[in-house]
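Novice: A single structure is presented below for examination.
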Amino acid sequence: MPELPEVEGVVRALVPAVEGKTIMKVELSDTIYASFGLGKQCIVKNIEPNLFEEVMQGMHIQKVTRRSKYIYFHIEKNQESFLFVNHLGMTGAWFVVQTLGDITEEKFRKHVHAVFTLETGELLVYSDIRRFGELRFIKKVEEHPPLLLMAPEPFDSVACEFFLDKCALPKYQNKPIKEVIMDGQVISGCGNIYATEALFKMGIHPARKTNRISKKRKIELFEAIRTILQESIEMGGSTISDYRNINGEAGGMQNRLKMYGKKFCPQCNTATKALSIGGRTSVYCPKCQH
DNA sequence: CGCTGTGACCGGGCGC
DNA sequence: TGCGCCCGGTCACAG
């Protein structure tokens, strides 16, 4: 499951591999075409697959950046600039290879959905096992309102204050803190893994009502989230199931996780508990987290 | 109008 | 072996 640190790793790998190159050709999977025929929009959103292939042809990739868990390809053709936005969903992955056979893992090779042939002859490949990811071609972010509603980047100087302000709103006050910190409109890029870790580090029960945490502790919690996101970026992200970096390598952060997916608390050895908060499994230590 | 709750999208993996 | 169900990030849409 790619969260912010994993997406950051993908972007850092994509930058030197594709920036400055031109897309000569795009081929989308039969699955994408078939879904469109059935009135669905598998992976490619808000545009007909054949039109997507056509419009992406000849696009020059100027920059690749990350915004929350989204990857922005800043592209340009005939002096006109566009945005090609990707979310990896649960199982999306990018590869830059000479041939599709260079993708070593079969499960990724089996689920290739978009192949961009670059001017160098290399293939920029998007693979997505569960197809929860999305590829979106837009002129500017305003075209897709959810992108405008995202909280500031957690490393942005205003992010903590933004978080505190959101917590004070009636709609968030009475919610479990874990649900609030995982809300992309409150904090950007903090998914289940890092929310679980930060709450454990802080000794806060995931179901604790947001307004039952002092401002001081909220600030400390925000700092804990920011710190763990930073640590994970430096470790190359967490490889829990299907996340791979662009070279097909796993990250190293999963070995440092203390609570996510654990059966016993690493501090007191008590059996962990799990409950569902906001529809997501939330693991915690009943003795260390209150 | 704003907020809340729910469904939809998927296939790997696991339990029975 | 085989089947059915669970999981999850995000958004659309219903209520």
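To be explicit about the labels: the chains of the structure tokens are called A, B, and onward in the order shown, and within each one the residues are counted from 1, while ligands get numbers from 1 in the order they are shown.
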So that I can check the surroundings of stretch 2-16 of chain B, please list as a ChimeraX atom specification every protein, DNA and RNA residue that reaches within 9 Å of it, counting only C-alpha atoms (C1' of nucleotides) and ignoring chain neighbours fewer than 4 positions away.
Specialist: /A:42,129-132,171 /C:6,12-15
Novice: Go ahead and save the picked residues with C-alpha atoms (C1' of nucleotides), as a PDB file, in the first residue's frame.
Specialist:
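Contents of selection-v8.pdb, freshly written:
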```
ATOM      1  CA  CYS A  42     -10.972   1.239 -15.148  1.00  0.00           C
ATOM      2  CA  ILE A 129      -2.827  -5.633  -9.855  1.00  0.00           C
ATOM      3  CA  ARG A 130      -6.113  -4.590  -8.259  1.00  0.00           C
ATOM      4  CA  ARG A 131      -6.812  -1.667 -10.559  1.00  0.00           C
ATOM      5  CA  PHE A 132      -7.579   0.768  -7.760  1.00  0.00           C
ATOM      6  CA  LYS A 171     -17.421  17.599  12.004  1.00  0.00           C
TER       7      LYS A 171
ATOM      8  C1'  DC C   6     -12.270 -10.084   3.460  1.00  0.00           C
ATOM      9  C1'  DA C  12     -19.519   9.417  -6.216  1.00  0.00           C
ATOM     10  C1'  DC C  13     -23.838   9.581  -4.828  1.00  0.00           C
ATOM     11  C1'  DA C  14     -27.844   8.826  -2.012  1.00  0.00           C
ATOM     12  C1'  DG C  15     -30.190  10.245   2.036  1.00  0.00           C
TER      13       DG C  15
END
```
Novice: Write out as a PDB file with C-alpha atoms, in the first residue's frame every residue belonging to chain A that has an atom at most 10 Å from any atom of chain C, counting only C-alpha atoms (C1' of nucleotides).
Specialist:
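Result saved to result32.pdb:
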```
ATOM      1  CA  MET A   1       0.000   0.000   0.000  1.00  0.00           C
ATOM      2  CA  PRO A   2       1.749   3.097  -1.112  1.00  0.00           C
ATOM      3  CA  GLU A   3       1.412   6.000   1.283  1.00  0.00           C
ATOM      4  CA  LYS A  69      -0.173  10.409  -2.505  1.00  0.00           C
ATOM      5  CA  HIS A  87      -2.728   7.703  -7.895  1.00  0.00           C
ATOM      6  CA  LEU A  88      -1.268   4.255  -7.207  1.00  0.00           C
ATOM      7  CA  GLY A  89      -4.328   3.048  -5.315  1.00  0.00           C
ATOM      8  CA  MET A  90      -3.455  -0.160  -3.519  1.00  0.00           C
ATOM      9  CA  PHE A 132      -7.579   0.768  -7.760  1.00  0.00           C
ATOM     10  CA  GLY A 133      -5.133   3.248  -9.180  1.00  0.00           C
ATOM     11  CA  PRO A 146     -10.650  16.532  -4.865  1.00  0.00           C
ATOM     12  CA  GLY A 184      -6.544  13.600   3.382  1.00  0.00           C
ATOM     13  CA  GLY A 191      -2.462   6.302   5.660  1.00  0.00           C
ATOM     14  CA  ASN A 192      -3.141   3.356   7.901  1.00  0.00           C
ATOM     15  CA  GLY A 279     -13.723   1.161   8.043  1.00  0.00           C
ATOM     16  CA  ARG A 280     -10.033   0.392   8.483  1.00  0.00           C
ATOM     17  CA  THR A 281      -8.332  -2.106  10.684  1.00  0.00           C
TER      18      THR A 281
END
```
Novice: When DSSP is applied to the backbone of this structure, which of stretch 9-63 of chain A are assigned strand (DSSP E or B)? Write them out as a list in words.
Specialist: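 Answer for stretch 9-63 of chain A restricted to strand (DSSP E or B) is Thr22, Ile23, Met24, Lys25, Val26, Glu27, Leu28, Val44, Lys45, His60, Ile61, Gln62 and Lys63 of chain A.
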Novice: Taking the DSSP assignment computed from this structure's backbone, write out as JSON, numbers by chain all residues of stretch 141-222 of chain A that belong to helix (DSSP H, G or I).
Specialist: {"A": [141, 142, 143, 145, 146, 147, 159, 160, 161, 162, 163, 164, 165, 166, 167, 170, 171, 172, 173, 177, 178, 179, 180, 181, 192, 193, 194, 195, 196, 197, 198, 199, 200, 201, 202, 210, 211, 212, 215, 216, 217, 218, 219, 220, 221, 222]}
Novice: Counting only C-alpha atoms, figure out which residue out of A:Pro206, A:Pro152, A:Gly278, A:Gly261 gets nearest to A:Lys178.
Specialist: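 Between A:Pro206, A:Pro152, A:Gly278, A:Gly261, the residue approaching A:Lys178 most closely is A:Pro206.
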Novice: Neighbours of A:Lys175 within 12 Å (only C-alpha atoms (C1' of nucleotides); same-chain residues fewer than 6 positions away dropped), as number ranges by chain?
Specialist: A: 166-169, 181-183, 206-213, 277-278
Novice: Report the distance between atom CA of A:Glu76 and atom CA of A:Met59 in Å, rounded to one decimal place.
Specialist: 5.4 Å
